[in-house]
Each structure stands twice: as C-alpha cells, then as structure tokens.
$ cat query39.cif   # mmCIF, C-alpha atoms
data_entry
#
loop_
_atom_site.group_PDB
_atom_site.id
_atom_site.type_symbol
_atom_site.label_atom_id
_atom_site.label_comp_id
_atom_site.auth_asym_id
_atom_site.auth_seq_id
_atom_site.Cartn_x
_atom_site.Cartn_y
_atom_site.Cartn_z
ATOM 1 C CA MET A 1 22.622 49.618 -60.186
ATOM 2 C CA PRO A 2 23.112 48.540 -56.514
ATOM 3 C CA LYS A 3 22.272 50.991 -53.781
ATOM 4 C CA SER A 4 25.204 52.201 -51.653
ATOM 5 C CA ARG A 5 25.209 51.716 -47.896
ATOM 6 C CA VAL A 6 24.010 54.534 -45.721
ATOM 7 C CA ARG A 7 26.549 55.784 -43.181
ATOM 8 C CA LYS A 8 25.451 55.833 -39.587
ATOM 9 C CA LYS A 9 26.036 59.084 -37.786
ATOM 10 C CA ALA A 10 27.406 59.176 -34.270
ATOM 11 C CA VAL A 11 24.901 59.879 -31.536
ATOM 12 C CA TYR A 12 25.125 63.455 -30.344
ATOM 13 C CA THR A 13 25.893 63.954 -26.668
ATOM 14 C CA ALA A 14 25.500 67.406 -25.244
ATOM 15 C CA PRO A 15 28.486 68.990 -23.492
ATOM 16 C CA PRO A 16 28.317 68.893 -19.693
ATOM 17 C CA THR A 17 26.681 71.823 -18.007
ATOM 18 C CA ALA A 18 27.950 73.780 -15.005
ATOM 19 C CA ASP A 19 25.490 72.078 -12.648
ATOM 20 C CA ASP A 20 26.661 68.589 -13.665
ATOM 21 C CA PRO A 21 27.402 66.602 -10.451
ATOM 22 C CA ARG A 22 30.140 64.498 -12.059
ATOM 23 C CA LYS A 23 33.717 65.342 -11.085
ATOM 24 C CA PRO A 24 36.796 64.679 -13.181
ATOM 25 C CA VAL A 25 38.687 61.503 -12.343
ATOM 26 C CA LYS A 26 42.175 62.067 -10.975
ATOM 27 C CA PHE A 27 44.835 59.774 -12.353
ATOM 28 C CA GLY A 28 48.197 59.460 -10.727
ATOM 29 C CA SER A 29 49.665 58.457 -7.448
ATOM 30 C CA PRO A 30 49.728 60.175 -4.073
ATOM 31 C CA ARG A 31 52.660 62.456 -3.318
ATOM 32 C CA TRP A 32 54.006 60.203 -0.558
ATOM 33 C CA LEU A 33 54.295 57.086 -2.710
ATOM 34 C CA ALA A 34 57.508 57.823 -4.630
ATOM 35 C CA PRO A 35 59.550 58.992 -1.602
ATOM 36 C CA LEU A 36 58.390 55.975 0.428
ATOM 37 C CA MET A 37 59.249 53.624 -2.445
ATOM 38 C CA VAL A 38 62.771 55.019 -2.772
ATOM 39 C CA THR A 39 63.208 54.983 1.009
ATOM 40 C CA LEU A 40 62.307 51.290 1.180
ATOM 41 C CA PHE A 41 64.769 50.489 -1.617
ATOM 42 C CA VAL A 42 67.563 52.358 0.156
ATOM 43 C CA ILE A 43 66.804 50.880 3.598
ATOM 44 C CA GLY A 44 66.807 47.356 2.161
ATOM 45 C CA LEU A 45 70.070 47.915 0.336
ATOM 46 C CA LEU A 46 71.722 49.493 3.373
ATOM 47 C CA TRP A 47 70.475 46.697 5.630
ATOM 48 C CA ILE A 48 72.109 44.051 3.457
ATOM 49 C CA VAL A 49 75.326 46.052 3.022
ATOM 50 C CA VAL A 50 75.666 46.743 6.759
ATOM 51 C CA TYR A 51 75.022 43.069 7.490
ATOM 52 C CA TYR A 52 77.803 41.977 5.151
ATOM 53 C CA ILE A 53 80.271 44.603 6.359
ATOM 54 C CA ALA A 54 79.616 44.741 10.119
ATOM 55 C CA GLY A 55 76.954 42.138 10.847
ATOM 56 C CA ALA A 56 78.969 40.391 13.558
ATOM 57 C CA THR A 57 79.504 43.599 15.539
ATOM 58 C CA VAL A 58 75.951 45.020 15.438
ATOM 59 C CA PRO A 59 74.007 43.487 18.363
ATOM 60 C CA GLY A 60 70.595 43.204 16.661
ATOM 61 C CA MET A 61 71.989 41.838 13.424
ATOM 62 C CA LYS A 62 74.163 39.273 15.166
ATOM 63 C CA THR A 63 71.138 37.562 16.693
ATOM 64 C CA LEU A 64 69.200 37.461 13.404
ATOM 65 C CA GLY A 65 71.953 35.734 11.455
ATOM 66 C CA TRP A 66 70.987 34.955 7.857
ATOM 67 C CA TRP A 67 67.503 36.340 8.439
ATOM 68 C CA ASN A 68 69.062 39.750 7.817
ATOM 69 C CA ILE A 69 69.047 38.911 4.099
ATOM 70 C CA VAL A 70 65.313 38.182 4.300
ATOM 71 C CA VAL A 71 64.701 41.464 6.139
ATOM 72 C CA GLY A 72 66.719 43.425 3.552
ATOM 73 C CA PHE A 73 64.946 41.793 0.630
ATOM 74 C CA GLY A 74 61.643 42.351 2.447
ATOM 75 C CA PHE A 75 62.258 46.103 2.389
ATOM 76 C CA ILE A 76 63.276 45.917 -1.278
ATOM 77 C CA GLY A 77 60.179 43.826 -2.061
ATOM 78 C CA GLY A 78 58.019 46.425 -0.331
ATOM 79 C CA GLY A 79 59.577 49.060 -2.583
ATOM 80 C CA PHE A 80 58.750 46.975 -5.637
ATOM 81 C CA MET A 81 55.173 46.520 -4.462
ATOM 82 C CA LEU A 82 54.816 50.287 -4.167
ATOM 83 C CA SER A 83 56.422 50.791 -7.572
ATOM 84 C CA THR A 84 53.514 48.942 -9.195
ATOM 85 C CA LYS A 85 51.144 51.634 -7.837
ATOM 86 C CA TRP A 86 53.264 54.549 -9.044
ATOM 87 C CA ARG A 87 52.113 56.477 -12.134
#
$ encode --input "query39.cif" --output "structure tokens"
Amino acid sequence: MPKSRVRKKAVYTAPPTADDPRKPVKFGSPRWLAPLMVTLFVIGLLWIVVYYIAGATVPGMKTLGWWNIVVGFGFIGGGFMLSTKWR
C-alpha cells in the first residue's frame, strides 16, 4: 500500500515581547488631507463658476481670459491628486 504524504507544520514564531523595538505601522492619511482635498475641489468649481458668471467684471479674471478654465481645472486636478492619497 502506498505511503501517505506527511503534512508540513507551520514554523512557530514567538509572540513579540515588551522590549521589542518594532512599532506598529500606521495606515491611513493625515488629518489635513481630506479637508484640503475638498477645499481644492470647491475652489476650482467656484473659480470656473465665477469666471462664467462675472468674468468680465472681475479685474484679475478679465486679464487671464480663457486661462481661468485652466486655473479652475488645476485646482480640481490638485484635489484629485490628493484623493489618491486618501485612505
């Protein structure tokens, strides 16, 4: 009769002791990341909306012209870049 295979046991690792220098790894994002992300989204949206509604009357926006769209989407893009770091 054929011999059955022998099961390999897992290697025993001792539980960490109190004097173990390793620290637990912190997962997550910093507290400032989510508010900054939302703020960038809102600033970008407001920039584009203000440009479309009153762009000709606001002195700084009048000189930028269509670059205001790039600035608004730049803020929104910055919010999306931060959203990739958020956990």
$ resolve_selection --input "query39.cif" --expression "the PyMOL selection byres ((chain A and resi 77) around 12)" --output "PDB file with C-alpha atoms, in the frame of the given file"
ATOM      1  CA  MET A  37      59.249  53.624  -2.445  1.00  0.00           C
ATOM      2  CA  VAL A  38      62.771  55.019  -2.772  1.00  0.00           C
ATOM      3  CA  THR A  39      63.208  54.983   1.009  1.00  0.00           C
ATOM      4  CA  LEU A  40      62.307  51.290   1.180  1.00  0.00           C
ATOM      5  CA  PHE A  41      64.769  50.489  -1.617  1.00  0.00           C
ATOM      6  CA  VAL A  42      67.563  52.358   0.156  1.00  0.00           C
ATOM      7  CA  ILE A  43      66.804  50.880   3.598  1.00  0.00           C
ATOM      8  CA  GLY A  44      66.807  47.356   2.161  1.00  0.00           C
ATOM      9  CA  LEU A  45      70.070  47.915   0.336  1.00  0.00           C
ATOM     10  CA  ILE A  69      69.047  38.911   4.099  1.00  0.00           C
ATOM     11  CA  VAL A  70      65.313  38.182   4.300  1.00  0.00           C
ATOM     12  CA  VAL A  71      64.701  41.464   6.139  1.00  0.00           C
ATOM     13  CA  GLY A  72      66.719  43.425   3.552  1.00  0.00           C
ATOM     14  CA  PHE A  73      64.946  41.793   0.630  1.00  0.00           C
ATOM     15  CA  GLY A  74      61.643  42.351   2.447  1.00  0.00           C
ATOM     16  CA  PHE A  75      62.258  46.103   2.389  1.00  0.00           C
ATOM     17  CA  ILE A  76      63.276  45.917  -1.278  1.00  0.00           C
ATOM     18  CA  GLY A  78      58.019  46.425  -0.331  1.00  0.00           C
ATOM     19  CA  GLY A  79      59.577  49.060  -2.583  1.00  0.00           C
ATOM     20  CA  PHE A  80      58.750  46.975  -5.637  1.00  0.00           C
ATOM     21  CA  MET A  81      55.173  46.520  -4.462  1.00  0.00           C
ATOM     22  CA  LEU A  82      54.816  50.287  -4.167  1.00  0.00           C
ATOM     23  CA  SER A  83      56.422  50.791  -7.572  1.00  0.00           C
ATOM     24  CA  THR A  84      53.514  48.942  -9.195  1.00  0.00           C
TER      25      THR A  84
END
$ atom_distance --input "query39.cif" --atom1 "atom CA of A:Val49" --atom2 "atom CA of A:Asn68"
10.1 Å
$ resolve_selection --input "query39.cif" --expression "the PyMOL selection byres ((chain A and resi 17-30) around 12)" --output "short mmCIF file (atom, residue, chain, number, x, y, z; two decimals) with C-alpha atoms, keeping the file's coordinate frame"
data_model
loop_
_atom_site.label_atom_id
_atom_site.label_comp_id
_atom_site.auth_asym_id
_atom_site.auth_seq_id
_atom_site.Cartn_x
_atom_site.Cartn_y
_atom_site.Cartn_z
CA THR A 13 25.89 63.95 -26.67
CA ALA A 14 25.50 67.41 -25.24
CA PRO A 15 28.49 68.99 -23.49
CA PRO A 16 28.32 68.89 -19.69
CA ARG A 31 52.66 62.46 -3.32
CA TRP A 32 54.01 60.20 -0.56
CA LEU A 33 54.30 57.09 -2.71
CA ALA A 34 57.51 57.82 -4.63
CA PRO A 35 59.55 58.99 -1.60
CA LEU A 36 58.39 55.98 0.43
CA MET A 37 59.25 53.62 -2.44
CA LEU A 82 54.82 50.29 -4.17
CA SER A 83 56.42 50.79 -7.57
CA THR A 84 53.51 48.94 -9.20
CA LYS A 85 51.14 51.63 -7.84
CA TRP A 86 53.26 54.55 -9.04
CA ARG A 87 52.11 56.48 -12.13
#
$ atom_distance --input "query39.cif" --atom1 "atom CA of A:Tyr51" --atom2 "atom CA of A:Gly65"
8.9 Å
$ atom_distance --input "query39.cif" --atom1 "atom CA of A:Leu46" --atom2 "atom CA of A:Gly60"
14.7 Å
$ decode --input "query39.cif" --residues "stretch 21-56 of chain A" --atoms "N, CA and C atoms" --output "PDB file, in the first residue's frame"
ATOM      1  N   PRO A  21      11.717  46.297  19.781  1.00  0.00           N
ATOM      2  CA  PRO A  21      11.852  47.671  19.281  1.00  0.00           C
ATOM      3  C   PRO A  21      10.914  48.008  18.123  1.00  0.00           C
ATOM      4  N   ARG A  22      10.263  47.021  17.532  1.00  0.00           N
ATOM      5  CA  ARG A  22       9.389  47.297  16.400  1.00  0.00           C
ATOM      6  C   ARG A  22       8.123  48.021  16.855  1.00  0.00           C
ATOM      7  N   LYS A  23       7.681  48.979  16.053  1.00  0.00           N
ATOM      8  CA  LYS A  23       6.461  49.721  16.349  1.00  0.00           C
ATOM      9  C   LYS A  23       5.404  49.336  15.330  1.00  0.00           C
ATOM     10  N   PRO A  24       4.148  49.426  15.692  1.00  0.00           N
ATOM     11  CA  PRO A  24       3.103  49.101  14.721  1.00  0.00           C
ATOM     12  C   PRO A  24       3.066  50.138  13.596  1.00  0.00           C
ATOM     13  N   VAL A  25       2.750  49.673  12.407  1.00  0.00           N
ATOM     14  CA  VAL A  25       2.686  50.543  11.241  1.00  0.00           C
ATOM     15  C   VAL A  25       1.321  51.227  11.222  1.00  0.00           C
ATOM     16  N   LYS A  26       1.330  52.533  11.030  1.00  0.00           N
ATOM     17  CA  LYS A  26       0.076  53.277  10.977  1.00  0.00           C
ATOM     18  C   LYS A  26      -0.381  53.385   9.532  1.00  0.00           C
ATOM     19  N   PHE A  27      -1.582  52.915   9.272  1.00  0.00           N
ATOM     20  CA  PHE A  27      -2.173  53.071   7.955  1.00  0.00           C
ATOM     21  C   PHE A  27      -3.191  54.187   8.026  1.00  0.00           C
ATOM     22  N   GLY A  28      -3.366  54.866   6.940  1.00  0.00           N
ATOM     23  CA  GLY A  28      -4.325  55.953   6.903  1.00  0.00           C
ATOM     24  C   GLY A  28      -3.671  57.209   6.380  1.00  0.00           C
ATOM     25  N   SER A  29      -4.451  58.247   6.360  1.00  0.00           N
ATOM     26  CA  SER A  29      -3.959  59.506   5.831  1.00  0.00           C
ATOM     27  C   SER A  29      -3.910  60.545   6.940  1.00  0.00           C
ATOM     28  N   PRO A  30      -3.126  61.597   6.740  1.00  0.00           N
ATOM     29  CA  PRO A  30      -3.084  62.652   7.751  1.00  0.00           C
ATOM     30  C   PRO A  30      -4.431  63.361   7.869  1.00  0.00           C
ATOM     31  N   ARG A  31      -4.645  64.018   8.978  1.00  0.00           N
ATOM     32  CA  ARG A  31      -5.940  64.657   9.232  1.00  0.00           C
ATOM     33  C   ARG A  31      -6.194  65.819   8.288  1.00  0.00           C
ATOM     34  N   TRP A  32      -5.174  66.466   7.780  1.00  0.00           N
ATOM     35  CA  TRP A  32      -5.339  67.644   6.946  1.00  0.00           C
ATOM     36  C   TRP A  32      -5.662  67.307   5.505  1.00  0.00           C
ATOM     37  N   LEU A  33      -5.505  66.057   5.098  1.00  0.00           N
ATOM     38  CA  LEU A  33      -5.627  65.705   3.693  1.00  0.00           C
ATOM     39  C   LEU A  33      -7.058  65.836   3.182  1.00  0.00           C
ATOM     40  N   ALA A  34      -8.036  65.302   3.869  1.00  0.00           N
ATOM     41  CA  ALA A  34      -9.413  65.351   3.389  1.00  0.00           C
ATOM     42  C   ALA A  34      -9.957  66.780   3.331  1.00  0.00           C
ATOM     43  N   PRO A  35      -9.760  67.619   4.368  1.00  0.00           N
ATOM     44  CA  PRO A  35     -10.247  68.998   4.229  1.00  0.00           C
ATOM     45  C   PRO A  35      -9.562  69.772   3.100  1.00  0.00           C
ATOM     46  N   LEU A  36      -8.265  69.555   2.890  1.00  0.00           N
ATOM     47  CA  LEU A  36      -7.566  70.237   1.810  1.00  0.00           C
ATOM     48  C   LEU A  36      -8.078  69.768   0.452  1.00  0.00           C
ATOM     49  N   MET A  37      -8.347  68.469   0.326  1.00  0.00           N
ATOM     50  CA  MET A  37      -8.858  67.914  -0.920  1.00  0.00           C
ATOM     51  C   MET A  37     -10.207  68.535  -1.268  1.00  0.00           C
ATOM     52  N   VAL A  38     -11.109  68.583  -0.298  1.00  0.00           N
ATOM     53  CA  VAL A  38     -12.432  69.157  -0.538  1.00  0.00           C
ATOM     54  C   VAL A  38     -12.321  70.651  -0.834  1.00  0.00           C
ATOM     55  N   THR A  39     -11.421  71.334  -0.136  1.00  0.00           N
ATOM     56  CA  THR A  39     -11.229  72.764  -0.366  1.00  0.00           C
ATOM     57  C   THR A  39     -10.756  73.035  -1.788  1.00  0.00           C
ATOM     58  N   LEU A  40      -9.834  72.223  -2.293  1.00  0.00           N
ATOM     59  CA  LEU A  40      -9.360  72.405  -3.662  1.00  0.00           C
ATOM     60  C   LEU A  40     -10.471  72.150  -4.674  1.00  0.00           C
ATOM     61  N   PHE A  41     -11.291  71.133  -4.434  1.00  0.00           N
ATOM     62  CA  PHE A  41     -12.437  70.884  -5.320  1.00  0.00           C
ATOM     63  C   PHE A  41     -13.368  72.093  -5.360  1.00  0.00           C
ATOM     64  N   VAL A  42     -13.687  72.627  -4.195  1.00  0.00           N
ATOM     65  CA  VAL A  42     -14.636  73.738  -4.111  1.00  0.00           C
ATOM     66  C   VAL A  42     -14.048  75.003  -4.726  1.00  0.00           C
ATOM     67  N   ILE A  43     -12.772  75.290  -4.455  1.00  0.00           N
ATOM     68  CA  ILE A  43     -12.142  76.481  -5.038  1.00  0.00           C
ATOM     69  C   ILE A  43     -12.123  76.385  -6.563  1.00  0.00           C
ATOM     70  N   GLY A  44     -11.781  75.228  -7.085  1.00  0.00           N
ATOM     71  CA  GLY A  44     -11.772  75.053  -8.546  1.00  0.00           C
ATOM     72  C   GLY A  44     -13.143  75.229  -9.151  1.00  0.00           C
ATOM     73  N   LEU A  45     -14.143  74.661  -8.519  1.00  0.00           N
ATOM     74  CA  LEU A  45     -15.513  74.799  -9.026  1.00  0.00           C
ATOM     75  C   LEU A  45     -15.971  76.248  -8.953  1.00  0.00           C
ATOM     76  N   LEU A  46     -15.722  76.907  -7.830  1.00  0.00           N
ATOM     77  CA  LEU A  46     -16.117  78.305  -7.689  1.00  0.00           C
ATOM     78  C   LEU A  46     -15.367  79.207  -8.670  1.00  0.00           C
ATOM     79  N   TRP A  47     -14.105  78.911  -8.916  1.00  0.00           N
ATOM     80  CA  TRP A  47     -13.329  79.721  -9.854  1.00  0.00           C
ATOM     81  C   TRP A  47     -13.958  79.682 -11.240  1.00  0.00           C
ATOM     82  N   ILE A  48     -14.325  78.493 -11.681  1.00  0.00           N
ATOM     83  CA  ILE A  48     -14.920  78.348 -13.012  1.00  0.00           C
ATOM     84  C   ILE A  48     -16.303  78.995 -13.054  1.00  0.00           C
ATOM     85  N   VAL A  49     -17.095  78.803 -12.009  1.00  0.00           N
ATOM     86  CA  VAL A  49     -18.440  79.386 -11.977  1.00  0.00           C
ATOM     87  C   VAL A  49     -18.370  80.907 -11.957  1.00  0.00           C
ATOM     88  N   VAL A  50     -17.510  81.473 -11.139  1.00  0.00           N
ATOM     89  CA  VAL A  50     -17.372  82.939 -11.085  1.00  0.00           C
ATOM     90  C   VAL A  50     -16.871  83.471 -12.418  1.00  0.00           C
ATOM     91  N   TYR A  51     -15.986  82.746 -13.074  1.00  0.00           N
ATOM     92  CA  TYR A  51     -15.499  83.196 -14.383  1.00  0.00           C
ATOM     93  C   TYR A  51     -16.639  83.241 -15.395  1.00  0.00           C
ATOM     94  N   TYR A  52     -17.487  82.232 -15.405  1.00  0.00           N
ATOM     95  CA  TYR A  52     -18.582  82.214 -16.365  1.00  0.00           C
ATOM     96  C   TYR A  52     -19.643  83.255 -16.041  1.00  0.00           C
ATOM     97  N   ILE A  53     -19.881  83.502 -14.761  1.00  0.00           N
ATOM     98  CA  ILE A  53     -20.941  84.446 -14.391  1.00  0.00           C
ATOM     99  C   ILE A  53     -20.447  85.889 -14.463  1.00  0.00           C
ATOM    100  N   ALA A  54     -19.300  86.193 -13.871  1.00  0.00           N
ATOM    101  CA  ALA A  54     -18.849  87.579 -13.766  1.00  0.00           C
ATOM    102  C   ALA A  54     -17.396  87.733 -14.173  1.00  0.00           C
ATOM    103  N   GLY A  55     -16.930  86.973 -15.121  1.00  0.00           N
ATOM    104  CA  GLY A  55     -15.523  87.020 -15.502  1.00  0.00           C
ATOM    105  C   GLY A  55     -15.102  88.332 -16.121  1.00  0.00           C
ATOM    106  N   ALA A  56     -16.014  89.014 -16.818  1.00  0.00           N
ATOM    107  CA  ALA A  56     -15.662  90.263 -17.482  1.00  0.00           C
ATOM    108  C   ALA A  56     -15.581  91.429 -16.503  1.00  0.00           C
TER     109      ALA A  56
END
